[in-house]
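What follows is the content of run_37.txt, which has compact mmCIF, C-alpha atoms:
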```
# COMPACT_ATOMS: atom_id res chain seq x y z
CA MET A 865 -21.66 5.33 -24.84
CA ASN A 866 -21.45 2.13 -22.87
CA CYS A 867 -19.93 -0.33 -25.36
CA GLY A 868 -20.12 -3.42 -23.15
CA ILE A 869 -21.72 -6.46 -24.78
CA MET A 870 -24.81 -6.39 -22.50
CA SER A 871 -25.35 -2.70 -23.22
CA LEU A 872 -25.09 -3.33 -26.96
CA LEU A 873 -27.65 -6.13 -26.78
CA SER A 874 -29.99 -4.04 -24.65
CA ASP A 875 -29.75 -1.03 -26.99
CA THR A 876 -30.43 -3.29 -29.97
CA ALA A 877 -33.68 -4.48 -28.41
CA PHE A 878 -34.68 -1.11 -26.93
CA GLU A 879 -34.04 2.56 -27.61
CA ASP A 880 -30.57 3.53 -26.38
CA PRO A 881 -30.56 6.04 -23.48
CA TRP A 882 -29.02 8.90 -25.47
CA SER A 883 -31.65 8.63 -28.23
CA SER A 884 -34.46 8.59 -25.66
CA PHE A 885 -32.97 11.56 -23.83
CA PHE A 886 -32.59 13.70 -26.95
CA MET A 887 -36.07 12.77 -28.19
CA ASP A 888 -37.53 13.88 -24.85
CA VAL A 889 -35.67 17.18 -25.01
CA LEU A 890 -36.14 17.98 -28.71
CA SER A 891 -39.68 16.77 -29.48
CA PRO A 892 -41.35 19.74 -27.69
CA LEU A 893 -39.33 21.96 -30.06
CA SER A 894 -40.82 20.16 -33.11
CA PHE A 895 -37.70 18.08 -33.80
CA VAL A 896 -38.15 14.47 -34.92
CA LYS A 897 -35.53 11.74 -34.90
CA VAL A 898 -34.78 11.06 -38.57
CA SER A 899 -32.01 8.47 -38.48
CA SER A 900 -29.34 6.86 -36.32
CA VAL A 901 -26.40 4.48 -36.63
CA ARG A 902 -24.28 2.89 -33.92
CA MET A 903 -20.99 0.98 -33.84
CA GLN A 904 -20.01 -0.10 -30.31
CA GLY A 905 -19.08 3.15 -28.52
CA LEU A 906 -19.95 5.41 -31.47
CA LEU A 907 -23.46 6.81 -31.97
CA LEU A 908 -24.70 9.21 -34.62
CA LEU A 909 -28.20 10.74 -34.41
CA ILE A 910 -29.96 13.07 -36.83
CA PHE A 911 -32.96 15.17 -35.82
CA ALA A 912 -34.91 17.61 -37.99
CA LYS A 913 -37.92 19.85 -37.60
CA TYR A 914 -40.86 17.95 -38.99
CA GLN A 915 -41.63 20.47 -41.75
CA HIS A 916 -38.30 19.53 -43.39
CA LEU A 917 -39.00 15.78 -43.46
CA PRO A 918 -40.49 15.63 -47.01
CA PHE A 919 -37.19 17.06 -48.27
CA ILE A 920 -34.88 14.69 -46.37
CA GLN A 921 -34.16 11.28 -47.85
CA ILE A 922 -31.88 8.90 -45.93
CA LEU A 923 -29.89 7.13 -48.64
CA SER A 924 -27.71 4.89 -46.47
CA THR A 925 -26.08 4.36 -43.09
CA LYS A 926 -22.67 2.77 -42.81
CA SER A 927 -20.16 1.57 -40.21
CA THR A 928 -16.43 1.34 -40.92
CA PRO A 929 -14.46 -0.45 -38.18
CA THR A 930 -10.71 0.21 -38.18
CA GLY A 931 -9.72 -1.43 -34.88
CA LEU A 932 -7.94 -4.81 -34.88
CA PHE A 933 -7.02 -4.61 -38.59
CA GLY A 934 -10.54 -3.54 -39.54
CA TYR A 935 -12.43 -6.25 -37.64
CA TRP A 936 -13.25 -4.42 -34.40
CA GLY A 937 -15.41 -1.33 -34.01
CA ASN A 938 -13.76 0.26 -30.99
CA LYS A 939 -12.14 2.58 -33.55
CA GLY A 940 -13.44 3.70 -36.91
CA GLY A 941 -16.28 5.78 -38.32
CA ILE A 942 -20.05 5.75 -38.83
CA ASN A 943 -21.84 7.67 -41.55
CA ILE A 944 -25.35 8.78 -42.47
CA PHE A 945 -25.72 9.74 -46.13
CA LEU A 946 -28.79 11.78 -47.07
CA LYS A 947 -30.34 14.11 -49.59
CA PHE A 948 -31.46 17.47 -48.23
CA TYR A 949 -33.59 19.61 -50.58
CA GLY A 950 -31.85 17.83 -53.46
CA TYR A 951 -28.27 18.21 -52.14
CA TYR A 952 -26.08 15.29 -51.07
CA VAL A 953 -24.82 15.43 -47.48
CA SER A 954 -22.61 12.99 -45.55
CA ILE A 955 -22.33 13.16 -41.76
CA ILE A 956 -19.51 11.17 -40.14
CA ASN A 957 -18.71 10.46 -36.50
CA CYS A 958 -15.33 8.87 -35.81
CA HIS A 959 -12.95 7.61 -33.13
CA LEU A 960 -9.31 7.51 -34.23
CA PRO A 961 -6.32 5.78 -32.55
CA PRO A 962 -4.96 7.43 -29.38
CA HIS A 963 -1.47 8.36 -28.09
CA MET A 964 1.08 10.90 -29.22
CA ALA A 965 3.19 8.50 -31.27
CA ASN A 966 0.29 7.17 -33.37
CA ASN A 967 -0.26 10.24 -35.54
CA ASP A 968 0.57 8.41 -38.79
CA GLN A 969 -1.90 5.69 -37.81
CA ARG A 970 -4.57 8.32 -37.14
CA LEU A 971 -4.10 9.78 -40.59
CA GLU A 972 -4.22 6.30 -42.14
CA HIS A 973 -7.54 5.57 -40.39
CA PHE A 974 -8.88 8.96 -41.52
CA ASP A 975 -8.05 8.05 -45.13
CA ARG A 976 -9.44 4.52 -44.74
CA ILE A 977 -12.79 5.78 -43.41
CA LEU A 978 -12.97 8.21 -46.32
CA GLU A 979 -12.12 5.53 -48.89
CA MET A 980 -14.75 3.12 -47.52
CA GLN A 981 -17.63 5.56 -47.99
CA ASN A 982 -18.74 4.25 -51.38
CA PHE A 983 -22.37 4.51 -52.41
CA GLU A 984 -24.51 2.69 -54.93
CA ALA A 985 -26.00 5.80 -56.54
CA GLN A 986 -24.42 6.03 -59.98
CA ASP A 987 -24.42 9.83 -60.02
CA ILE A 988 -22.63 9.98 -56.62
CA PRO A 989 -19.72 7.53 -56.96
CA ASN A 990 -17.51 9.04 -54.28
CA ILE A 991 -18.00 10.81 -50.97
CA LEU A 992 -15.86 13.70 -52.24
CA ASP A 993 -18.63 14.43 -54.77
CA HIS A 994 -21.11 15.18 -51.99
CA ASP A 995 -22.15 18.78 -51.56
CA LEU A 996 -21.30 18.77 -47.86
CA ILE A 997 -19.35 16.51 -45.51
CA LEU A 998 -19.63 17.08 -41.77
CA TRP A 999 -16.95 15.10 -39.95
CA PHE A 1000 -16.50 15.09 -36.19
CA GLY A 1001 -15.54 12.95 -33.24
CA ASP A 1002 -12.68 11.98 -30.97
CA MET A 1003 -9.90 12.36 -33.52
CA ASN A 1004 -7.21 12.03 -30.83
CA PHE A 1005 -4.75 14.51 -32.41
CA ARG A 1006 -2.18 15.73 -29.85
CA ILE A 1007 0.12 18.73 -29.26
CA GLU A 1008 3.70 17.99 -30.29
CA ASP A 1009 7.07 19.12 -28.91
CA PHE A 1010 5.97 21.31 -26.01
CA GLY A 1011 6.28 19.86 -22.51
CA LEU A 1012 3.46 19.36 -20.04
CA HIS A 1013 4.30 22.46 -17.96
CA PHE A 1014 4.41 24.80 -20.98
CA VAL A 1015 1.09 23.47 -22.32
CA ARG A 1016 -0.68 23.83 -18.99
CA GLU A 1017 0.68 27.34 -18.42
CA SER A 1018 -0.41 28.37 -21.92
CA ILE A 1019 -3.91 27.05 -21.19
CA LYS A 1020 -3.99 28.79 -17.81
CA ASN A 1021 -3.08 32.11 -19.46
CA GLN A 1022 -5.36 31.42 -22.47
CA CYS A 1023 -2.38 31.74 -24.81
CA TYR A 1024 -3.42 29.18 -27.40
CA SER A 1025 -1.63 30.46 -30.52
CA ASP A 1026 1.65 28.65 -29.79
CA LEU A 1027 -0.26 25.42 -29.13
CA TRP A 1028 -2.14 25.72 -32.45
CA GLU A 1029 1.16 25.64 -34.32
CA LYS A 1030 2.03 22.25 -32.77
CA ASP A 1031 -1.44 20.71 -33.04
CA GLN A 1032 -1.04 17.53 -35.09
CA LEU A 1033 -4.19 18.10 -37.15
CA SER A 1034 -3.13 21.64 -38.04
CA ILE A 1035 0.33 20.35 -39.03
CA ALA A 1036 -1.16 17.56 -41.15
CA LYS A 1037 -3.42 20.02 -42.99
CA ARG A 1038 -0.38 22.05 -44.00
CA HIS A 1039 1.04 19.00 -45.83
CA ASP A 1040 -2.05 17.10 -47.01
CA LEU A 1041 -4.01 18.75 -49.84
CA LEU A 1042 -7.17 16.71 -49.26
CA LEU A 1043 -7.17 17.22 -45.50
CA ARG A 1044 -6.68 20.92 -46.13
CA GLU A 1045 -10.07 21.02 -47.85
CA PHE A 1046 -11.72 20.23 -44.50
CA GLN A 1047 -12.37 23.48 -42.66
CA GLU A 1048 -12.60 24.04 -38.92
CA GLY A 1049 -13.61 26.91 -36.69
CA PRO A 1050 -10.99 28.66 -34.54
CA LEU A 1051 -9.84 26.76 -31.43
CA LEU A 1052 -10.66 29.49 -28.93
CA PHE A 1053 -11.50 27.07 -26.13
CA PRO A 1054 -9.16 25.07 -23.85
CA PRO A 1055 -8.01 21.62 -24.96
CA THR A 1056 -10.76 19.13 -24.18
CA TYR A 1057 -8.61 16.15 -23.06
CA LYS A 1058 -7.58 14.71 -20.64
CA PHE A 1059 -9.51 15.57 -17.44
CA ASP A 1060 -10.00 13.79 -14.17
CA LYS A 1061 -13.58 12.53 -14.19
CA ASN A 1062 -16.09 14.63 -12.27
CA SER A 1063 -13.76 17.62 -12.22
CA ASN A 1064 -12.29 20.42 -14.34
CA ASN A 1065 -8.73 19.38 -13.51
CA TYR A 1066 -6.43 18.10 -16.21
CA ASP A 1067 -5.05 14.58 -15.68
CA THR A 1068 -3.48 14.21 -12.21
CA SER A 1069 -2.88 10.46 -12.50
CA GLU A 1070 0.60 8.97 -12.72
CA LYS A 1071 0.50 9.22 -16.52
CA LYS A 1072 -0.24 13.00 -16.41
CA ARG A 1073 -1.23 13.08 -20.08
CA LYS A 1074 -0.58 16.32 -21.88
CA PRO A 1075 -3.79 18.27 -22.70
CA ALA A 1076 -4.85 18.26 -26.36
CA TRP A 1077 -7.69 19.24 -28.68
CA THR A 1078 -8.76 15.67 -29.39
CA ASP A 1079 -12.44 16.42 -30.07
CA ARG A 1080 -12.96 18.21 -33.39
CA ILE A 1081 -15.69 19.27 -35.80
CA LEU A 1082 -14.73 19.66 -39.48
CA TRP A 1083 -16.64 20.35 -42.66
CA ARG A 1084 -15.98 20.28 -46.38
CA LEU A 1085 -17.99 21.84 -49.21
CA LYS A 1086 -17.82 20.31 -52.66
CA ARG A 1087 -15.20 21.76 -54.96
CA GLN A 1088 -16.62 23.61 -57.93
CA PRO A 1089 -15.07 22.67 -61.31
CA GLN A 1090 -12.74 25.27 -62.73
CA ALA A 1091 -13.87 26.69 -66.07
CA ALA A 1092 -11.47 27.15 -68.95
CA VAL A 1093 -10.18 30.66 -69.59
CA HIS A 1094 -12.56 31.30 -72.51
CA THR A 1095 -15.47 29.28 -71.12
CA PRO A 1096 -18.00 31.10 -68.96
CA ARG A 1097 -18.34 29.39 -65.60
CA LEU A 1098 -21.76 27.94 -64.94
CA SER A 1099 -23.40 29.41 -61.87
CA ALA A 1100 -23.43 26.76 -59.14
CA PRO A 1101 -26.54 26.28 -57.03
CA HIS A 1102 -26.42 28.39 -53.90
CA PHE A 1103 -25.21 26.18 -51.04
CA THR A 1104 -23.12 27.83 -48.34
CA LEU A 1105 -22.27 26.93 -44.75
CA PHE A 1106 -21.53 29.62 -42.17
CA PRO A 1107 -20.05 28.64 -38.78
CA ARG A 1108 -21.71 30.50 -35.93
CA SER A 1109 -20.08 28.94 -32.87
CA TYR A 1110 -17.41 26.39 -31.95
CA VAL A 1111 -17.11 25.87 -28.21
CA SER A 1112 -16.39 23.36 -25.46
CA HIS A 1113 -18.57 22.91 -22.40
CA MET A 1114 -16.60 22.74 -19.16
CA LEU A 1115 -19.74 22.20 -17.10
CA TYR A 1116 -19.95 18.51 -18.04
CA SER A 1117 -17.61 16.16 -16.19
CA ILE A 1118 -18.92 12.60 -16.66
CA SER A 1119 -16.04 11.84 -19.05
CA ASP A 1120 -12.31 12.49 -19.27
CA HIS A 1121 -13.21 14.59 -22.35
CA LYS A 1122 -15.18 17.83 -22.43
CA PRO A 1123 -17.95 17.91 -25.05
CA VAL A 1124 -17.61 20.19 -28.07
CA THR A 1125 -20.46 21.69 -30.08
CA SER A 1126 -20.67 23.72 -33.25
CA THR A 1127 -23.57 25.66 -34.73
CA PHE A 1128 -23.89 26.52 -38.42
CA ASP A 1129 -26.18 28.44 -40.71
CA LEU A 1130 -26.80 26.62 -43.99
CA GLU A 1131 -28.02 28.80 -46.82
CA LEU A 1132 -29.23 27.01 -49.92
CA LYS A 1133 -31.35 27.41 -52.99
CA PRO A 1134 -33.55 24.29 -52.93
CA LEU A 1135 -33.13 21.94 -55.88
CA VAL A 1136 -36.42 20.36 -54.77
CA SER A 1137 -39.07 22.80 -53.62
CA ALA A 1138 -42.29 20.73 -53.72
CA PRO A 1139 -42.94 17.50 -51.81
CA LEU A 1140 -43.64 14.31 -53.76
CA ILE A 1141 -46.94 13.95 -51.92
CA THR A 1142 -49.29 16.80 -51.02
CA LEU A 1143 -51.72 16.03 -48.23
CA LEU A 1144 -54.39 18.63 -48.84
CA PRO A 1145 -53.94 21.66 -46.60
CA GLU A 1146 -57.55 21.98 -45.53
CA SER A 1147 -58.52 19.87 -42.53
CA PRO A 1148 -59.35 16.30 -43.59
CA CYS A 1149 -63.08 15.75 -43.85
CA THR A 1150 -64.96 12.86 -42.34
CA GLU A 1151 -67.83 10.76 -43.54
CA GLU A 1152 -69.90 8.64 -41.23
CA SER A 1153 -67.41 6.75 -39.05
CA ASP A 1154 -64.35 7.28 -41.25
CA LEU A 1155 -61.68 9.97 -41.36
CA LEU A 1156 -61.12 10.69 -45.05
CA ILE A 1157 -57.67 11.75 -46.19
CA SER A 1158 -57.15 13.29 -49.60
CA TYR A 1159 -53.72 13.51 -51.19
CA SER A 1160 -52.13 14.18 -54.56
CA LEU A 1161 -48.80 12.95 -55.92
CA THR A 1162 -46.31 14.19 -58.48
CA ALA A 1163 -46.05 12.47 -61.84
CA ASP A 1164 -42.57 11.08 -61.13
CA PHE A 1165 -43.43 9.54 -57.75
CA LEU A 1166 -43.32 5.73 -57.76
CA SER A 1167 -45.81 4.50 -55.16
CA SER A 1168 -45.75 1.09 -53.51
CA PRO A 1169 -48.44 -1.15 -51.99
CA TRP A 1170 -46.42 -0.84 -48.78
CA ASP A 1171 -46.70 2.95 -48.60
CA TRP A 1172 -48.65 4.11 -45.57
CA ILE A 1173 -50.10 7.25 -44.02
CA GLY A 1174 -49.61 7.75 -40.30
CA LEU A 1175 -51.64 9.88 -37.92
CA TYR A 1176 -49.46 11.63 -35.31
CA LYS A 1177 -49.91 13.97 -32.41
CA VAL A 1178 -47.98 17.23 -32.77
CA GLY A 1179 -44.84 16.76 -30.65
CA LEU A 1180 -44.00 13.28 -31.94
CA ARG A 1181 -40.51 12.01 -31.18
CA HIS A 1182 -39.95 9.51 -34.00
CA ILE A 1183 -41.60 8.23 -37.18
CA ASN A 1184 -42.80 5.16 -35.24
CA ASP A 1185 -44.82 7.30 -32.80
CA TYR A 1186 -48.00 7.15 -34.89
CA VAL A 1187 -51.42 7.05 -33.22
CA SER A 1188 -52.87 5.14 -36.15
CA TYR A 1189 -51.98 4.36 -39.75
CA VAL A 1190 -53.40 3.03 -43.01
CA TRP A 1191 -51.86 1.20 -45.96
CA VAL A 1192 -52.70 3.46 -48.87
CA ARG A 1193 -53.79 0.60 -51.16
CA ASP A 1194 -55.83 -1.31 -48.55
CA ASN A 1195 -57.96 1.60 -47.41
CA GLN A 1196 -58.28 3.40 -50.72
CA VAL A 1197 -61.71 4.93 -51.33
CA SER A 1198 -61.22 6.57 -54.70
CA PHE A 1199 -58.55 7.76 -57.05
CA SER A 1200 -58.42 9.91 -60.15
CA ASP A 1201 -55.79 11.80 -62.06
CA GLY A 1202 -53.46 13.01 -59.33
CA LEU A 1203 -56.01 12.81 -56.49
CA ASN A 1204 -56.49 9.92 -54.09
CA GLN A 1205 -58.55 9.28 -50.98
CA VAL A 1206 -58.02 6.81 -48.16
CA TYR A 1207 -59.75 6.47 -44.81
CA ILE A 1208 -58.94 5.74 -41.20
CA ASP A 1209 -61.66 4.22 -39.04
CA ILE A 1210 -62.71 6.90 -36.57
CA SER A 1211 -62.67 4.35 -33.75
CA ASP A 1212 -58.88 4.20 -34.07
CA ILE A 1213 -58.57 7.88 -33.23
CA PRO A 1214 -58.48 8.81 -29.54
CA GLU A 1215 -60.67 11.60 -28.22
CA THR A 1216 -58.33 14.47 -27.36
CA GLU A 1217 -57.89 18.20 -27.78
CA ASP A 1218 -54.37 17.67 -29.16
CA GLN A 1219 -53.40 18.71 -32.68
CA PHE A 1220 -52.57 16.05 -35.24
CA LEU A 1221 -50.41 15.64 -38.33
CA LEU A 1222 -50.57 13.22 -41.25
CA PHE A 1223 -47.33 11.80 -42.70
CA TYR A 1224 -47.06 9.88 -45.97
CA TYR A 1225 -44.23 7.32 -45.77
CA SER A 1226 -42.72 5.93 -48.99
CA ASN A 1227 -41.50 2.34 -48.73
CA ASN A 1228 -39.34 2.71 -51.84
CA LEU A 1229 -37.56 5.82 -50.55
CA HIS A 1230 -37.64 4.84 -46.86
CA SER A 1231 -38.59 8.41 -46.07
CA VAL A 1232 -41.49 10.72 -45.30
CA VAL A 1233 -42.50 12.36 -48.58
CA GLY A 1234 -45.55 14.38 -47.53
CA ILE A 1235 -46.91 16.10 -44.42
CA SER A 1236 -50.24 17.76 -43.69
CA LYS A 1237 -50.77 20.97 -41.78
CA PRO A 1238 -51.67 20.54 -38.09
CA PHE A 1239 -55.37 19.99 -37.44
CA LYS A 1240 -57.74 19.05 -34.64
CA ILE A 1241 -60.25 16.23 -34.44
CA GLN A 1242 -63.28 17.25 -32.42
CA PRO A 1243 -64.27 14.89 -29.60
CA ARG A 1244 -67.35 12.79 -30.31
CA SER A 1245 -69.36 14.91 -27.89
CA PHE A 1246 -69.07 17.72 -30.44
CA LEU A 1247 -70.42 15.71 -33.37
CA ALA A 1248 -72.92 17.79 -35.32
CA GLU A 1249 -76.29 16.50 -36.27
CA GLY A 1250 -76.69 15.80 -39.98
CA PRO A 1251 -79.82 16.32 -42.05
CA LEU A 1252 -81.12 12.87 -41.04
CA ASP A 1253 -80.31 13.49 -37.35
CA GLU A 1254 -77.23 11.33 -37.75
CA ALA A 1255 -74.08 12.32 -35.91
CA GLN A 1256 -71.34 13.44 -38.30
CA PRO A 1257 -67.73 14.08 -37.21
CA GLN A 1258 -66.45 17.62 -37.60
CA ILE A 1259 -62.77 18.48 -38.14
```
Taking this structure as input, can you express it in the form of structure tokens?
Amino acid sequence: MNCGIMSLLSDTAFEDPWSSFFMDVLSPLSFVKVSSVRMQGLLLLIFAKYQHLPFIQILSTKSTPTGLFGYWGNKGGINIFLKFYGYYVSIINCHLPPHMANNDQRLEHFDRILEMQNFEAQDIPNILDHDLILWFGDMNFRIEDFGLHFVRESIKNQCYSDLWEKDQLSIAKRHDLLLREFQEGPLLFPPTYKFDKNSNNYDTSEKKRKPAWTDRILWRLKRQPQAAVHTPRLSAPHFTLFPRSYVSHMLYSISDHKPVTSTFDLELKPLVSAPLITLLPESPCTEESDLLISYSLTADFLSSPWDWIGLYKVGLRHINDYVSYVWVRDNQVSFSDGLNQVYIDISDIPETEDQFLLFYYSNNLHSVVGISKPFKIQPRSFLAEGPLDEAQPQI
């Protein structure tokens, strides 16, 4: 990320380049940008396949600067806190202090970021009560004791086991009970720092920094309470994370770091299995010049006059990419027990062969709470003649 002041101002007014790039790449695969948070050079983006959106609720985003005694965001962490099928998940991106001698400061910043993640929800008072924490970033941990020549020769011969023993994060986990609860995949790839830019050569400058695994991806699952000896343990909801890959990518050379990715399988038993809003699965019907939309809502859903339904083309990039929208209260046609109808003026809908989706957005929850199945709107040239020789739209 370019963290210059002009870049920050530009990215505040417009979409930042990384968000635009990922939306271009992921939208054809049915992924939609759900949320983002930025603090100077740190950016955190969340994408999800659109069918999951009714079960994702963004609860908060937060920035925790730790640079310059907590006043500057060149170091620190950013967090997106969400509910996913009823489970609480925190995702943190961080940048910790650099240099070999600053390990104690790194650990202090790690603890400070963790302590600052307080949330207003009364049933989730502490981040450690979340079902899953994903924590990654440039953690800047170094390899102790060994000299530059030994480290480079070990990397050249792919003999990493000795280096693992002197990795500062691995050492800290052996002494810190809380840090030990954060798991990590095996470091089977070369240290990702420091490289000459636009090359695969480790630092050849005068400083000749020692290579290290600075870029890490950790996770922590919520501890289950221990039952007393004579008390049967309650079965916990099924929520398990399986790491599938943990690799670096030597191909990329725009930075003095190599990027690291990890892939997981998340298996869960949904605590929420039905959306709050059901947009009826059959294609929406039309009447005269209006596109009628029928939807039902659960008894515990609290609607707002500022709720709206958006019409989207399949392949949307972001929730703001609607073709048209209606405020549910303004364009309401009828309502009865559990069933409501609103309309969109047909003139707002472009003539196209593309497929469309309807999203119901809740203003109270700041999330999509209902999605229709994909459907087509026939061009006006295909309007069927009604009994009074009046053209009637067909969907």
Inset, instruction - Extract, using only C-alpha atoms, all DNA, RNA and protein residues at most 7 Å from Val1178 of chain A, discarding same-chain residues fewer than 6 positions from it, and format them as a ChimeraX atom specification. - result: /A:1219-1221
Inset, instruction - Would you please work out which residue, of A:Tyr1066, A:Phe1128, A:Phe1059, A:Phe1199, is nearest to Leu1082 of chain A when using all atoms listed in the file? - result: A:Phe1128
Legend entry - Selected residue of minimal separation from Cys1023 of chain A among A:Pro1238, A:Ala1163, A:Phe1053, A:Trp1077, counting all atoms listed in the file: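 The shortest atom-to-atom distance to Cys1023 of chain A comes from A:Phe1053.
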Inset, instruction - Find the residues near Pro1139 of chain A: any atom within 10 Å, counting only C-alpha atoms, skip ones fewer than 2 places away on the same chain, and give them as a list in words. - result: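 Everything that qualifies: His916, Leu917, Pro918, Phe919, Tyr949, Val1136, Ser1137, Ile1141, Thr1142, Leu1143, Leu1161, Thr1162, Phe1165, Val1232, Val1233, Gly1234 and Ile1235 of chain A.
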Those selected residues, please, written with C-alpha atoms and delivered as an mmCIF file, keeping the file's coordinate frame.
```cif
data_model
loop_
_atom_site.group_PDB
_atom_site.id
_atom_site.type_symbol
_atom_site.label_atom_id
_atom_site.label_comp_id
_atom_site.auth_asym_id
_atom_site.auth_seq_id
_atom_site.Cartn_x
_atom_site.Cartn_y
_atom_site.Cartn_z
ATOM 1 C CA HIS A 916 -38.300 19.530 -43.390
ATOM 2 C CA LEU A 917 -39.000 15.780 -43.460
ATOM 3 C CA PRO A 918 -40.490 15.630 -47.010
ATOM 4 C CA PHE A 919 -37.190 17.060 -48.270
ATOM 5 C CA TYR A 949 -33.590 19.610 -50.580
ATOM 6 C CA VAL A 1136 -36.420 20.360 -54.770
ATOM 7 C CA SER A 1137 -39.070 22.800 -53.620
ATOM 8 C CA ILE A 1141 -46.940 13.950 -51.920
ATOM 9 C CA THR A 1142 -49.290 16.800 -51.020
ATOM 10 C CA LEU A 1143 -51.720 16.030 -48.230
ATOM 11 C CA LEU A 1161 -48.800 12.950 -55.920
ATOM 12 C CA THR A 1162 -46.310 14.190 -58.480
ATOM 13 C CA PHE A 1165 -43.430 9.540 -57.750
ATOM 14 C CA VAL A 1232 -41.490 10.720 -45.300
ATOM 15 C CA VAL A 1233 -42.500 12.360 -48.580
ATOM 16 C CA GLY A 1234 -45.550 14.380 -47.530
ATOM 17 C CA ILE A 1235 -46.910 16.100 -44.420
#
```
Inset, instruction - Please provide the set of residues having any atom within 7 Å of Gln1205 of chain A, restricted to only C-alpha atoms, with same-chain residues fewer than 6 positions apart removed, written as JSON, numbers by chain. - result: {"A": [1156, 1157, 1158, 1159, 1196, 1197, 1198, 1199]}
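In this structure, atom CA of Pro1055 of chain A sits 18.8 Å away from atom CA of Thr1127 of chain A.
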Inset, instruction - Identify which of the residues A:Lys1061, A:Arg902, A:Lys947, A:Lys1071 lies closest to Lys926 of chain A, counting all atoms listed in the file when measuring atom-to-atom distances. - result: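 Answer, going by the shortest atom-to-atom distance: A:Arg902.
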Inset, instruction - Rank nothing, just name the residue among A:Asn1004, A:Gln981, A:Ser1018, A:Asn966 nearest to Asn943 of chain A, using only C-alpha atoms. - result: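 Under the stated criterion, the closest residue is A:Gln981.
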Legend entry - Distance of atom CA of Lys897 of chain A from atom CA of Phe911 of chain A, expressed in Å to one decimal place: 4.4 Å
Inset, instruction - Would you mind telling me which residue in A:Leu1144, A:Met903, A:Ile910, A:Leu1155 lies nearest to Phe886 of chain A when using only C-alpha atoms? - result: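 Between A:Leu1144, A:Met903, A:Ile910, A:Leu1155, the residue approaching Phe886 of chain A most closely is A:Ile910.
Considering all atoms listed in the file, the residue among A:Leu1027, A:Leu1051, A:Met964, A:Ala1138 positioned nearest to Val1015 of chain A is A:Leu1027.
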Inset, instruction - For atom CA of Ser927 of chain A and atom CA of Arg970 of chain A, determine how far apart the two atoms are, in Å to one decimal place. - result: 17.3 Å
Would you place a box with edges along x, y and z of the file around all atoms of segment 1223-1237 of chain A listed there, add 5 Å to each of its six sides, and report the centre and edge lengths in Å to one decimal, as AutoDock Vina command-line options?
```
--center_x -44.2 --center_y 11.7 --center_z -46.8 --size_x 23.2 --size_y 28.6 --size_z 20.1
```
Legend entry - Neighbour list for segment 1040-1045 of chain A as a PyMOL selection string, cut-off 9 Å, all atoms listed in the file, skip fewer than 4 positions in-chain: chain A and resi 1033-1036+1083-1085+1087
Could you write out that same residue set with C-alpha atoms as a compact mmCIF listing (two decimals), in the coordinates of the input?
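Result file again-v2.txt:
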```txt
# COMPACT_ATOMS: atom_id res chain seq x y z
CA LEU A 1033 -4.19 18.10 -37.15
CA SER A 1034 -3.13 21.64 -38.04
CA ILE A 1035 0.33 20.35 -39.03
CA ALA A 1036 -1.16 17.56 -41.15
CA TRP A 1083 -16.64 20.35 -42.66
CA ARG A 1084 -15.98 20.28 -46.38
CA LEU A 1085 -17.99 21.84 -49.21
CA ARG A 1087 -15.20 21.76 -54.96
```
